[in-house]
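Everything below concerns the one structure shown next.
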Amino acid sequence: MQLYDQFRADWLEKLGIEPPTTLDEFYEALKAVTTQDPDGNGKDDTYGFSTNKPNPGETFNAFQFVFFAYGLPYADWALDEQGKVIPIFEHPAFRQGMAYLRKLMEEKLIEPEFMVNDRPMKEQKFFQGKIGFMEGPLFRHVSRIEGGLQKVNPEGKLGWTAPPAGPDGKRGMPVKPKGGLLTSITSASKHPEKAAELIEFLLSKEGRDLLQLGIEGIHYTGEGDQIVYNEAEREKDGFAANGWAHPLAWGNVTWPIDENYLPLIEPQRERAQQSVQLASQYIMPNLVNKKTEAEIRYSSVLNDIYNQYFLDMLSGKKDIDTGIEELSRKWREQGGDEILKEVSEAYESGQ
């Protein structure tokens with residue numbers, strides 16, 4: 001679950017700034033972090049916001065919350081005035097969002113070298129007081145991130161808030177994924193009915209408790225909400241360490257993150273679950289619920305094209321209007337038109 005407004009809460013407290021709730025407040029917060037020496041070292045060496053490069057083959061979406069704030073209604077595609085499917089960069093919200101982001105970049109409120117960061121490097125900069133805001137997952141990472149921060153600065157505090165709202169009060173942050181894990185029964189199964197019964201059991205409350213906790217008196221002891229894990233016995237039977245579940249829970253069988261599963265001994269468990277509850281309020285829907293064959297076939301090349309134009313417009317190497325026009329043309333020529341045809345068919349059929 002992504003929360004794009006992770007921030008140094010101790011810095012905002014020092015600067016007398018409330019967590020930003022709008023894009024204007026977000027800009028002011030980044031400016032204060034960049035220019036007002038929040039770490040108190042007397043040097044001009046902090047940036048407001050940073051992120052990391054995308055995974056290979058993926059689009060650069062770290063700033064998508066800005067487009068949602070300007071009214072982009074879906075996470076995957078958009079519709080033009082005639083109701084036809086178009087890529088998100090042809091929606092007016094993209095143009096407005098790019099102008100906002102260009103301003104942040106021109107004023108050096110975004111770390112200029114963010115594209116050399118991988119996720120660990122970005123987090124280390126957050127821990128070391130180089131950046132005040134960053135995007136990234138929370139939930140079970142809450143304790144890890146705040147723990148990493150406090151190893152460097154014992155007074156450091158991790159904060160997060162809802163995505164900033166745009167001029168019309170619109171906002172969004174996490175996106176609904178189109179992929180996931182599946183548990184299947186193969187045609188070679190000699191007893192498919194029994195296999196289906198096992199899956200149903202593992203997804204039941206009793207089955208989930210078994211996969212998460214094990215057998216009472218062997219893998220754990222407890223009374224009410226108080227659980228003591230027997231790590232030695234759990235290890236013998238393949239459970240993960242520190243109260244985490246049996247591999248069947250996360251491999252052969254899975255369930256949505258809205259189950260909010262964390263071991264009862266997980267540090268800051270309540271805060272971690274609160275992060276999911278907050279993010280879940282701002283999940284952006286998809287226009288189409290599945291990926292088409294053309295998307296799978298062309299996505300790697302087209303994502304590279306998108307990423308390059310996005311960065312060129314962000315950095316000022318290309319004018320925004322010119323960049324969007326060129327991006328639209330090249331994207332469509334390299335397979336985008338074929339994708340739009342299949343996506344439009346899926347949208348019209350309600351898939």
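Each chain of the structure tokens is named A, B, ... in the order shown, its residues numbered from 1; ligands are numbered from 1 in display order.
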
May I have all residues of region 89-184 of chain A that DSSP, computed from the backbone, assigns to helix (DSSP H, G or I), given as a ChimeraX atom specification? /A:89-90,92-106,114-116,119-127,139-152

Between region 248-346 of chain A and region 229-237 of chain A, at 10 Å or less, what are the per-residue closest atom pairs and their distances in Å? Count only C-alpha atoms, order by chain and rising residue number, and return it as a Markdown table.
```
| residue | atom | partner | partner_atom | distance |
| --- | --- | --- | --- | --- |
| A:Pro263 | CA | A:Tyr229 | CA | 9.7 |
| A:Leu264 | CA | A:Tyr229 | CA | 9.5 |
| A:Ile265 | CA | A:Tyr229 | CA | 8.8 |
```

I'd like to know which of A:Thr21, A:Asn61, A:Gln268, A:Asn41 is closest to Gly147 (chain A), using only C-alpha atoms.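 That would be A:Gln268, the residue with the smallest distance to Gly147 (chain A).
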
Give me, as CSV, the closest atom pair and its distance (Å, one decimal) for every residue of region 224-293 of chain A within a cut-off of 10 Å of region 67-84 of chain A, counting only C-alpha atoms, rows sorted by chain and rising number.
```
residue,atom,partner,partner_atom,distance
A:Tyr282,CA,A:Phe68,CA,10.0
A:Ile283,CA,A:Ala75,CA,9.1
A:Met284,CA,A:Ala75,CA,5.8
A:Pro285,CA,A:Tyr74,CA,5.5
A:Asn286,CA,A:Tyr74,CA,5.2
A:Leu287,CA,A:Tyr74,CA,5.9
A:Val288,CA,A:Asp76,CA,7.6
A:Asn289,CA,A:Asp76,CA,9.2
A:Lys291,CA,A:Asp76,CA,9.8
```

Proximity to Met313 (chain A) - best of A:Lys108, A:Arg332, A:Lys130, A:Lys103, only C-alpha atoms: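 Of all the options, A:Lys103 lies closest to Met313 (chain A).
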
What's the 10 Å shell around Ser143 (chain A), counting only C-alpha atoms, without same-chain residues fewer than 2 positions away, as a PDB file with N, CA, C and O atoms, in the first residue's frame?
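Okay, this is what ended up in result.pdb:
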```pdb
ATOM      1  N   LEU A 138       4.040   1.674   3.137  1.00  0.00           N
ATOM      2  CA  LEU A 138       4.054   1.669   4.605  1.00  0.00           C
ATOM      3  C   LEU A 138       3.547   0.308   5.084  1.00  0.00           C
ATOM      4  O   LEU A 138       4.148  -0.699   4.781  1.00  0.00           O
ATOM      5  N   PHE A 139       2.453   0.256   5.817  1.00  0.00           N
ATOM      6  CA  PHE A 139       1.945  -0.977   6.417  1.00  0.00           C
ATOM      7  C   PHE A 139       3.068  -1.638   7.219  1.00  0.00           C
ATOM      8  O   PHE A 139       3.536  -1.053   8.192  1.00  0.00           O
ATOM      9  N   ARG A 140       3.536  -2.816   6.831  1.00  0.00           N
ATOM     10  CA  ARG A 140       4.525  -3.509   7.655  1.00  0.00           C
ATOM     11  C   ARG A 140       5.894  -2.840   7.646  1.00  0.00           C
ATOM     12  O   ARG A 140       6.789  -3.253   8.371  1.00  0.00           O
ATOM     13  N   HIS A 141       6.053  -1.785   6.828  1.00  0.00           N
ATOM     14  CA  HIS A 141       7.329  -1.067   6.787  1.00  0.00           C
ATOM     15  C   HIS A 141       7.391   0.071   7.803  1.00  0.00           C
ATOM     16  O   HIS A 141       8.439   0.703   7.947  1.00  0.00           O
ATOM     17  N   ILE A 145      10.979   1.579   8.822  1.00  0.00           N
ATOM     18  CA  ILE A 145      11.405   2.904   8.378  1.00  0.00           C
ATOM     19  C   ILE A 145      11.679   3.815   9.573  1.00  0.00           C
ATOM     20  O   ILE A 145      12.714   4.491   9.629  1.00  0.00           O
ATOM     21  N   GLU A 146      10.771   3.839  10.543  1.00  0.00           N
ATOM     22  CA  GLU A 146      11.027   4.694  11.697  1.00  0.00           C
ATOM     23  C   GLU A 146      12.211   4.187  12.504  1.00  0.00           C
ATOM     24  O   GLU A 146      12.997   4.987  13.032  1.00  0.00           O
ATOM     25  N   GLY A 147      12.375   2.860  12.559  1.00  0.00           N
ATOM     26  CA  GLY A 147      13.535   2.306  13.254  1.00  0.00           C
ATOM     27  C   GLY A 147      14.832   2.694  12.578  1.00  0.00           C
ATOM     28  O   GLY A 147      15.819   3.030  13.244  1.00  0.00           O
ATOM     29  N   GLY A 148      14.845   2.657  11.230  1.00  0.00           N
ATOM     30  CA  GLY A 148      16.044   3.063  10.499  1.00  0.00           C
ATOM     31  C   GLY A 148      16.357   4.532  10.708  1.00  0.00           C
ATOM     32  O   GLY A 148      17.525   4.922  10.841  1.00  0.00           O
ATOM     33  N   LEU A 149      15.307   5.359  10.737  1.00  0.00           N
ATOM     34  CA  LEU A 149      15.496   6.787  10.988  1.00  0.00           C
ATOM     35  C   LEU A 149      16.088   7.026  12.369  1.00  0.00           C
ATOM     36  O   LEU A 149      17.028   7.818  12.534  1.00  0.00           O
ATOM     37  N   LEU A 158       8.695   9.510  12.084  1.00  0.00           N
ATOM     38  CA  LEU A 158       8.058   9.267  10.801  1.00  0.00           C
ATOM     39  C   LEU A 158       6.607   9.732  10.852  1.00  0.00           C
ATOM     40  O   LEU A 158       5.882   9.401  11.791  1.00  0.00           O
ATOM     41  N   GLU A 266       4.341  -7.639  16.233  1.00  0.00           N
ATOM     42  CA  GLU A 266       4.959  -6.658  15.331  1.00  0.00           C
ATOM     43  C   GLU A 266       5.018  -5.291  16.002  1.00  0.00           C
ATOM     44  O   GLU A 266       4.002  -4.773  16.484  1.00  0.00           O
ATOM     45  N   PRO A 267       6.210  -4.669  16.064  1.00  0.00           N
ATOM     46  CA  PRO A 267       6.308  -3.327  16.643  1.00  0.00           C
ATOM     47  C   PRO A 267       5.427  -2.337  15.873  1.00  0.00           C
ATOM     48  O   PRO A 267       5.340  -2.394  14.650  1.00  0.00           O
ATOM     49  N   GLN A 268       4.770  -1.461  16.579  1.00  0.00           N
ATOM     50  CA  GLN A 268       3.924  -0.419  15.989  1.00  0.00           C
ATOM     51  C   GLN A 268       2.827  -1.013  15.093  1.00  0.00           C
ATOM     52  O   GLN A 268       2.463  -0.442  14.063  1.00  0.00           O
ATOM     53  N   ARG A 269       2.311  -2.144  15.513  1.00  0.00           N
ATOM     54  CA  ARG A 269       1.286  -2.832  14.730  1.00  0.00           C
ATOM     55  C   ARG A 269       0.064  -1.943  14.489  1.00  0.00           C
ATOM     56  O   ARG A 269      -0.476  -1.893  13.380  1.00  0.00           O
ATOM     57  N   ARG A 271      -0.168   1.368  14.451  1.00  0.00           N
ATOM     58  CA  ARG A 271       0.122   2.444  13.489  1.00  0.00           C
ATOM     59  C   ARG A 271       0.193   1.899  12.064  1.00  0.00           C
ATOM     60  O   ARG A 271      -0.254   2.548  11.114  1.00  0.00           O
ATOM     61  N   ALA A 272       0.764   0.709  11.915  1.00  0.00           N
ATOM     62  CA  ALA A 272       0.865   0.101  10.592  1.00  0.00           C
ATOM     63  C   ALA A 272      -0.515  -0.140  10.006  1.00  0.00           C
ATOM     64  O   ALA A 272      -0.769   0.133   8.824  1.00  0.00           O
TER      65      ALA A 272
END
```

Rounded to one decimal place, report the CA of Gln277 (chain A)-CA of Phe133 (chain A) distance in Å.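 According to the coordinates, CA of Gln277 (chain A) and CA of Phe133 (chain A) are separated by 20.5 Å.
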
Tell me which protein, DNA and RNA residues are within 12 Å of Lys14 (chain A), counting only C-alpha atoms, leaving out same-chain ones fewer than 5 positions away, and put them as a PyMOL selection string. chain A and resi 8-9+32-33+36-40+155-157

Identify, with DSSP run on backbone atoms, the residues in region 66-298 of chain A assigned to strand (DSSP E or B), and express the list as an MDAnalysis selection string. chainID A and resid 78:79 85:86 110 131:137 158:160 165 175 216 220:223 226:229 284

Please provide the set of residues having any atom within 12 Å of Lys341 (chain A), restricted to only C-alpha atoms, with same-chain residues fewer than 5 positions apart removed, written as a list in words.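 Those residues are Lys84, Val85, Ile86, Pro87, Thr292, Glu293, Ala294, Glu295, Arg332, Gly335, Gly336, Ala346, Tyr347 and Glu348 of chain A.
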
Filtering to N, CA, C and O atoms, could you give me those residues as a JSON list (two decimals), in the first residue's frame?
```
[["chain", "number", "residue", "atom", "x", "y", "z"],
["A", 84, "LYS", "N", -14.13, 8.56, -25.60],
["A", 84, "LYS", "CA", -13.21, 7.57, -26.15],
["A", 84, "LYS", "C", -12.02, 7.39, -25.21],
["A", 84, "LYS", "O", -11.57, 8.34, -24.57],
["A", 85, "VAL", "N", -11.49, 6.18, -25.16],
["A", 85, "VAL", "CA", -10.36, 5.86, -24.29],
["A", 85, "VAL", "C", -9.10, 6.53, -24.82],
["A", 85, "VAL", "O", -8.79, 6.46, -26.02],
["A", 86, "ILE", "N", -8.37, 7.18, -23.93],
["A", 86, "ILE", "CA", -7.10, 7.82, -24.26],
["A", 86, "ILE", "C", -6.09, 7.50, -23.17],
["A", 86, "ILE", "O", -6.46, 7.16, -22.05],
["A", 87, "PRO", "N", -4.79, 7.61, -23.46],
["A", 87, "PRO", "CA", -3.79, 7.45, -22.41],
["A", 87, "PRO", "C", -3.87, 8.61, -21.42],
["A", 87, "PRO", "O", -4.32, 9.71, -21.77],
["A", 292, "THR", "N", -4.90, -6.01, -21.48],
["A", 292, "THR", "CA", -5.15, -6.66, -22.77],
["A", 292, "THR", "C", -3.87, -7.31, -23.28],
["A", 292, "THR", "O", -2.77, -7.04, -22.78],
["A", 293, "GLU", "N", -4.01, -8.15, -24.29],
["A", 293, "GLU", "CA", -2.84, -8.81, -24.87],
["A", 293, "GLU", "C", -1.87, -7.79, -25.47],
["A", 293, "GLU", "O", -0.66, -7.94, -25.38],
["A", 294, "ALA", "N", -2.41, -6.75, -26.09],
["A", 294, "ALA", "CA", -1.55, -5.72, -26.69],
["A", 294, "ALA", "C", -0.77, -4.97, -25.61],
["A", 294, "ALA", "O", 0.40, -4.62, -25.80],
["A", 295, "GLU", "N", -1.39, -4.72, -24.47],
["A", 295, "GLU", "CA", -0.67, -4.07, -23.38],
["A", 295, "GLU", "C", 0.52, -4.89, -22.94],
["A", 295, "GLU", "O", 1.63, -4.37, -22.73],
["A", 332, "ARG", "N", 1.64, 6.18, -29.80],
["A", 332, "ARG", "CA", 0.64, 5.55, -30.67],
["A", 332, "ARG", "C", 1.32, 4.79, -31.81],
["A", 332, "ARG", "O", 0.88, 3.69, -32.19],
["A", 335, "GLY", "N", 2.78, 1.10, -31.05],
["A", 335, "GLY", "CA", 1.88, 0.06, -30.55],
["A", 335, "GLY", "C", 0.73, 0.58, -29.73],
["A", 335, "GLY", "O", -0.19, -0.17, -29.39],
["A", 336, "GLY", "N", 0.75, 1.87, -29.41],
["A", 336, "GLY", "CA", -0.30, 2.44, -28.59],
["A", 336, "GLY", "C", -1.68, 2.39, -29.23],
["A", 336, "GLY", "O", -2.68, 2.15, -28.55],
["A", 346, "ALA", "N", -12.58, -3.64, -24.53],
["A", 346, "ALA", "CA", -12.79, -4.15, -23.18],
["A", 346, "ALA", "C", -13.66, -3.20, -22.37],
["A", 346, "ALA", "O", -14.55, -3.63, -21.62],
["A", 347, "TYR", "N", -13.42, -1.90, -22.54],
["A", 347, "TYR", "CA", -14.22, -0.90, -21.80],
["A", 347, "TYR", "C", -15.68, -0.95, -22.23],
["A", 347, "TYR", "O", -16.60, -0.95, -21.39],
["A", 348, "GLU", "N", -15.91, -1.02, -23.52],
["A", 348, "GLU", "CA", -17.28, -1.02, -24.04],
["A", 348, "GLU", "C", -18.04, -2.29, -23.65],
["A", 348, "GLU", "O", -19.27, -2.28, -23.51]]
```

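Counting from CA of Gln6 (chain A), the distance to CA of Glu135 (chain A) is 6.1 Å.
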
Neighbours of His246 (chain A) within 12 Å (only C-alpha atoms; same-chain residues fewer than 5 positions away dropped), as number ranges by chain? A: 202, 207-215, 219, 234-241, 251-254, 263

Applying 12 Å and only C-alpha atoms, which residues near Gly136 (chain A) remain after dropping the ones on its own chain fewer than 3 positions away? List them as a PDB file with N, CA and C atoms, in the first residue's frame.
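The resulting result_9.pdb:
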```pdb
ATOM      1  N   MET A   1       0.858  -1.181   0.000  1.00  0.00           N
ATOM      2  CA  MET A   1       0.000   0.000   0.000  1.00  0.00           C
ATOM      3  C   MET A   1       0.896   1.233   0.000  1.00  0.00           C
ATOM      4  N   GLN A   2       0.657   2.126  -0.978  1.00  0.00           N
ATOM      5  CA  GLN A   2       1.526   3.283  -1.118  1.00  0.00           C
ATOM      6  C   GLN A   2       0.956   4.497  -0.388  1.00  0.00           C
ATOM      7  N   LEU A   3       1.852   5.196   0.331  1.00  0.00           N
ATOM      8  CA  LEU A   3       1.513   6.491   0.919  1.00  0.00           C
ATOM      9  C   LEU A   3       2.576   7.474   0.445  1.00  0.00           C
ATOM     10  N   TYR A   4       2.184   8.405  -0.412  1.00  0.00           N
ATOM     11  CA  TYR A   4       3.179   9.273  -1.030  1.00  0.00           C
ATOM     12  C   TYR A   4       3.602  10.422  -0.138  1.00  0.00           C
ATOM     13  N   ASP A   5       2.946  10.572   1.005  1.00  0.00           N
ATOM     14  CA  ASP A   5       3.298  11.657   1.907  1.00  0.00           C
ATOM     15  C   ASP A   5       3.957  11.152   3.183  1.00  0.00           C
ATOM     16  N   GLN A   6       4.985  10.333   3.041  1.00  0.00           N
ATOM     17  CA  GLN A   6       5.811  10.018   4.204  1.00  0.00           C
ATOM     18  C   GLN A   6       6.740  11.209   4.435  1.00  0.00           C
ATOM     19  N   PHE A   7       6.898  11.615   5.697  1.00  0.00           N
ATOM     20  CA  PHE A   7       7.705  12.804   5.928  1.00  0.00           C
ATOM     21  C   PHE A   7       8.377  12.753   7.293  1.00  0.00           C
ATOM     22  N   PHE A  49      11.589  16.766  -1.440  1.00  0.00           N
ATOM     23  CA  PHE A  49      10.982  15.489  -1.841  1.00  0.00           C
ATOM     24  C   PHE A  49      11.963  14.695  -2.682  1.00  0.00           C
ATOM     25  N   SER A  50      11.894  13.362  -2.541  1.00  0.00           N
ATOM     26  CA  SER A  50      12.653  12.492  -3.433  1.00  0.00           C
ATOM     27  C   SER A  50      11.932  11.174  -3.600  1.00  0.00           C
ATOM     28  N   THR A  51      12.361  10.450  -4.607  1.00  0.00           N
ATOM     29  CA  THR A  51      11.811   9.131  -4.882  1.00  0.00           C
ATOM     30  C   THR A  51      12.930   8.274  -5.456  1.00  0.00           C
ATOM     31  N   ASN A  52      12.575   7.194  -6.123  1.00  0.00           N
ATOM     32  CA  ASN A  52      13.585   6.330  -6.733  1.00  0.00           C
ATOM     33  C   ASN A  52      13.153   5.941  -8.134  1.00  0.00           C
ATOM     34  N   LYS A  53      14.082   5.427  -8.911  1.00  0.00           N
ATOM     35  CA  LYS A  53      13.781   5.016 -10.278  1.00  0.00           C
ATOM     36  C   LYS A  53      12.793   3.856 -10.273  1.00  0.00           C
ATOM     37  N   PRO A  54      11.988   3.746 -11.327  1.00  0.00           N
ATOM     38  CA  PRO A  54      11.010   2.654 -11.373  1.00  0.00           C
ATOM     39  C   PRO A  54      11.686   1.322 -11.638  1.00  0.00           C
ATOM     40  N   ASN A  61       5.761   6.395 -11.890  1.00  0.00           N
ATOM     41  CA  ASN A  61       4.478   6.857 -11.360  1.00  0.00           C
ATOM     42  C   ASN A  61       4.565   7.448  -9.964  1.00  0.00           C
ATOM     43  N   ALA A  62       5.767   7.837  -9.531  1.00  0.00           N
ATOM     44  CA  ALA A  62       5.924   8.332  -8.168  1.00  0.00           C
ATOM     45  C   ALA A  62       5.157   9.625  -7.903  1.00  0.00           C
ATOM     46  N   PHE A  63       4.854  10.375  -8.970  1.00  0.00           N
ATOM     47  CA  PHE A  63       4.162  11.646  -8.806  1.00  0.00           C
ATOM     48  C   PHE A  63       2.705  11.577  -9.254  1.00  0.00           C
ATOM     49  N   ASP A 118      17.938   3.893  -5.895  1.00  0.00           N
ATOM     50  CA  ASP A 118      17.049   2.762  -5.747  1.00  0.00           C
ATOM     51  C   ASP A 118      16.337   2.960  -4.414  1.00  0.00           C
ATOM     52  N   ARG A 119      15.448   2.061  -4.065  1.00  0.00           N
ATOM     53  CA  ARG A 119      14.655   2.283  -2.857  1.00  0.00           C
ATOM     54  C   ARG A 119      15.514   2.357  -1.596  1.00  0.00           C
ATOM     55  N   PRO A 120      16.476   1.438  -1.377  1.00  0.00           N
ATOM     56  CA  PRO A 120      17.313   1.563  -0.165  1.00  0.00           C
ATOM     57  C   PRO A 120      18.080   2.876  -0.104  1.00  0.00           C
ATOM     58  N   LYS A 122      17.226   5.780  -1.448  1.00  0.00           N
ATOM     59  CA  LYS A 122      16.269   6.842  -1.119  1.00  0.00           C
ATOM     60  C   LYS A 122      15.980   6.849   0.379  1.00  0.00           C
ATOM     61  N   GLU A 123      15.745   5.677   0.938  1.00  0.00           N
ATOM     62  CA  GLU A 123      15.431   5.599   2.369  1.00  0.00           C
ATOM     63  C   GLU A 123      16.614   6.048   3.210  1.00  0.00           C
ATOM     64  N   PHE A 126      16.616   9.688   3.448  1.00  0.00           N
ATOM     65  CA  PHE A 126      15.579  10.106   4.386  1.00  0.00           C
ATOM     66  C   PHE A 126      16.094   9.966   5.822  1.00  0.00           C
ATOM     67  N   PHE A 133      10.517  14.580   2.524  1.00  0.00           N
ATOM     68  CA  PHE A 133       9.354  13.803   2.091  1.00  0.00           C
ATOM     69  C   PHE A 133       9.823  12.739   1.110  1.00  0.00           C
ATOM     70  N   PHE A 139       2.453   0.256   5.817  1.00  0.00           N
ATOM     71  CA  PHE A 139       1.945  -0.977   6.417  1.00  0.00           C
ATOM     72  C   PHE A 139       3.068  -1.638   7.219  1.00  0.00           C
ATOM     73  N   ARG A 140       3.536  -2.816   6.831  1.00  0.00           N
ATOM     74  CA  ARG A 140       4.525  -3.509   7.655  1.00  0.00           C
ATOM     75  C   ARG A 140       5.894  -2.840   7.646  1.00  0.00           C
ATOM     76  N   HIS A 141       6.053  -1.785   6.828  1.00  0.00           N
ATOM     77  CA  HIS A 141       7.329  -1.067   6.787  1.00  0.00           C
ATOM     78  C   HIS A 141       7.391   0.071   7.803  1.00  0.00           C
ATOM     79  N   VAL A 142       6.286   0.365   8.484  1.00  0.00           N
ATOM     80  CA  VAL A 142       6.266   1.491   9.414  1.00  0.00           C
ATOM     81  C   VAL A 142       7.375   1.360  10.453  1.00  0.00           C
ATOM     82  N   ILE A 145      10.979   1.579   8.822  1.00  0.00           N
ATOM     83  CA  ILE A 145      11.405   2.904   8.378  1.00  0.00           C
ATOM     84  C   ILE A 145      11.679   3.815   9.573  1.00  0.00           C
ATOM     85  N   TRP A 160       2.945  10.557   8.281  1.00  0.00           N
ATOM     86  CA  TRP A 160       2.291  10.410   6.997  1.00  0.00           C
ATOM     87  C   TRP A 160       0.898  11.007   7.082  1.00  0.00           C
ATOM     88  N   MET A 173      -4.290   8.334  -4.332  1.00  0.00           N
ATOM     89  CA  MET A 173      -2.923   7.936  -4.038  1.00  0.00           C
ATOM     90  C   MET A 173      -2.618   6.521  -4.492  1.00  0.00           C
ATOM     91  N   PRO A 174      -3.024   5.493  -3.733  1.00  0.00           N
ATOM     92  CA  PRO A 174      -2.709   4.151  -4.220  1.00  0.00           C
ATOM     93  C   PRO A 174      -3.557   3.829  -5.445  1.00  0.00           C
ATOM     94  N   SER A 275      -2.116   3.007   8.791  1.00  0.00           N
ATOM     95  CA  SER A 275      -1.635   3.473   7.487  1.00  0.00           C
ATOM     96  C   SER A 275      -2.437   2.841   6.353  1.00  0.00           C
ATOM     97  N   ALA A 279      -4.813   4.872   3.644  1.00  0.00           N
ATOM     98  CA  ALA A 279      -4.569   4.747   2.206  1.00  0.00           C
ATOM     99  C   ALA A 279      -5.765   4.164   1.478  1.00  0.00           C
TER     100      ALA A 279
END
```

Proximity to Arg102 (chain A) - best of A:Leu327, A:Ile227, A:Leu311, A:Leu340, only C-alpha atoms: A:Leu311

Quick one: of A:Val66, A:Met105, A:Ala29, A:Ala245, who's nearest to Lys317 (chain A), counting only C-alpha atoms?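 Checking each of A:Val66, A:Met105, A:Ala29, A:Ala245 against Lys317 (chain A), counting only C-alpha atoms, the winner is A:Met105.
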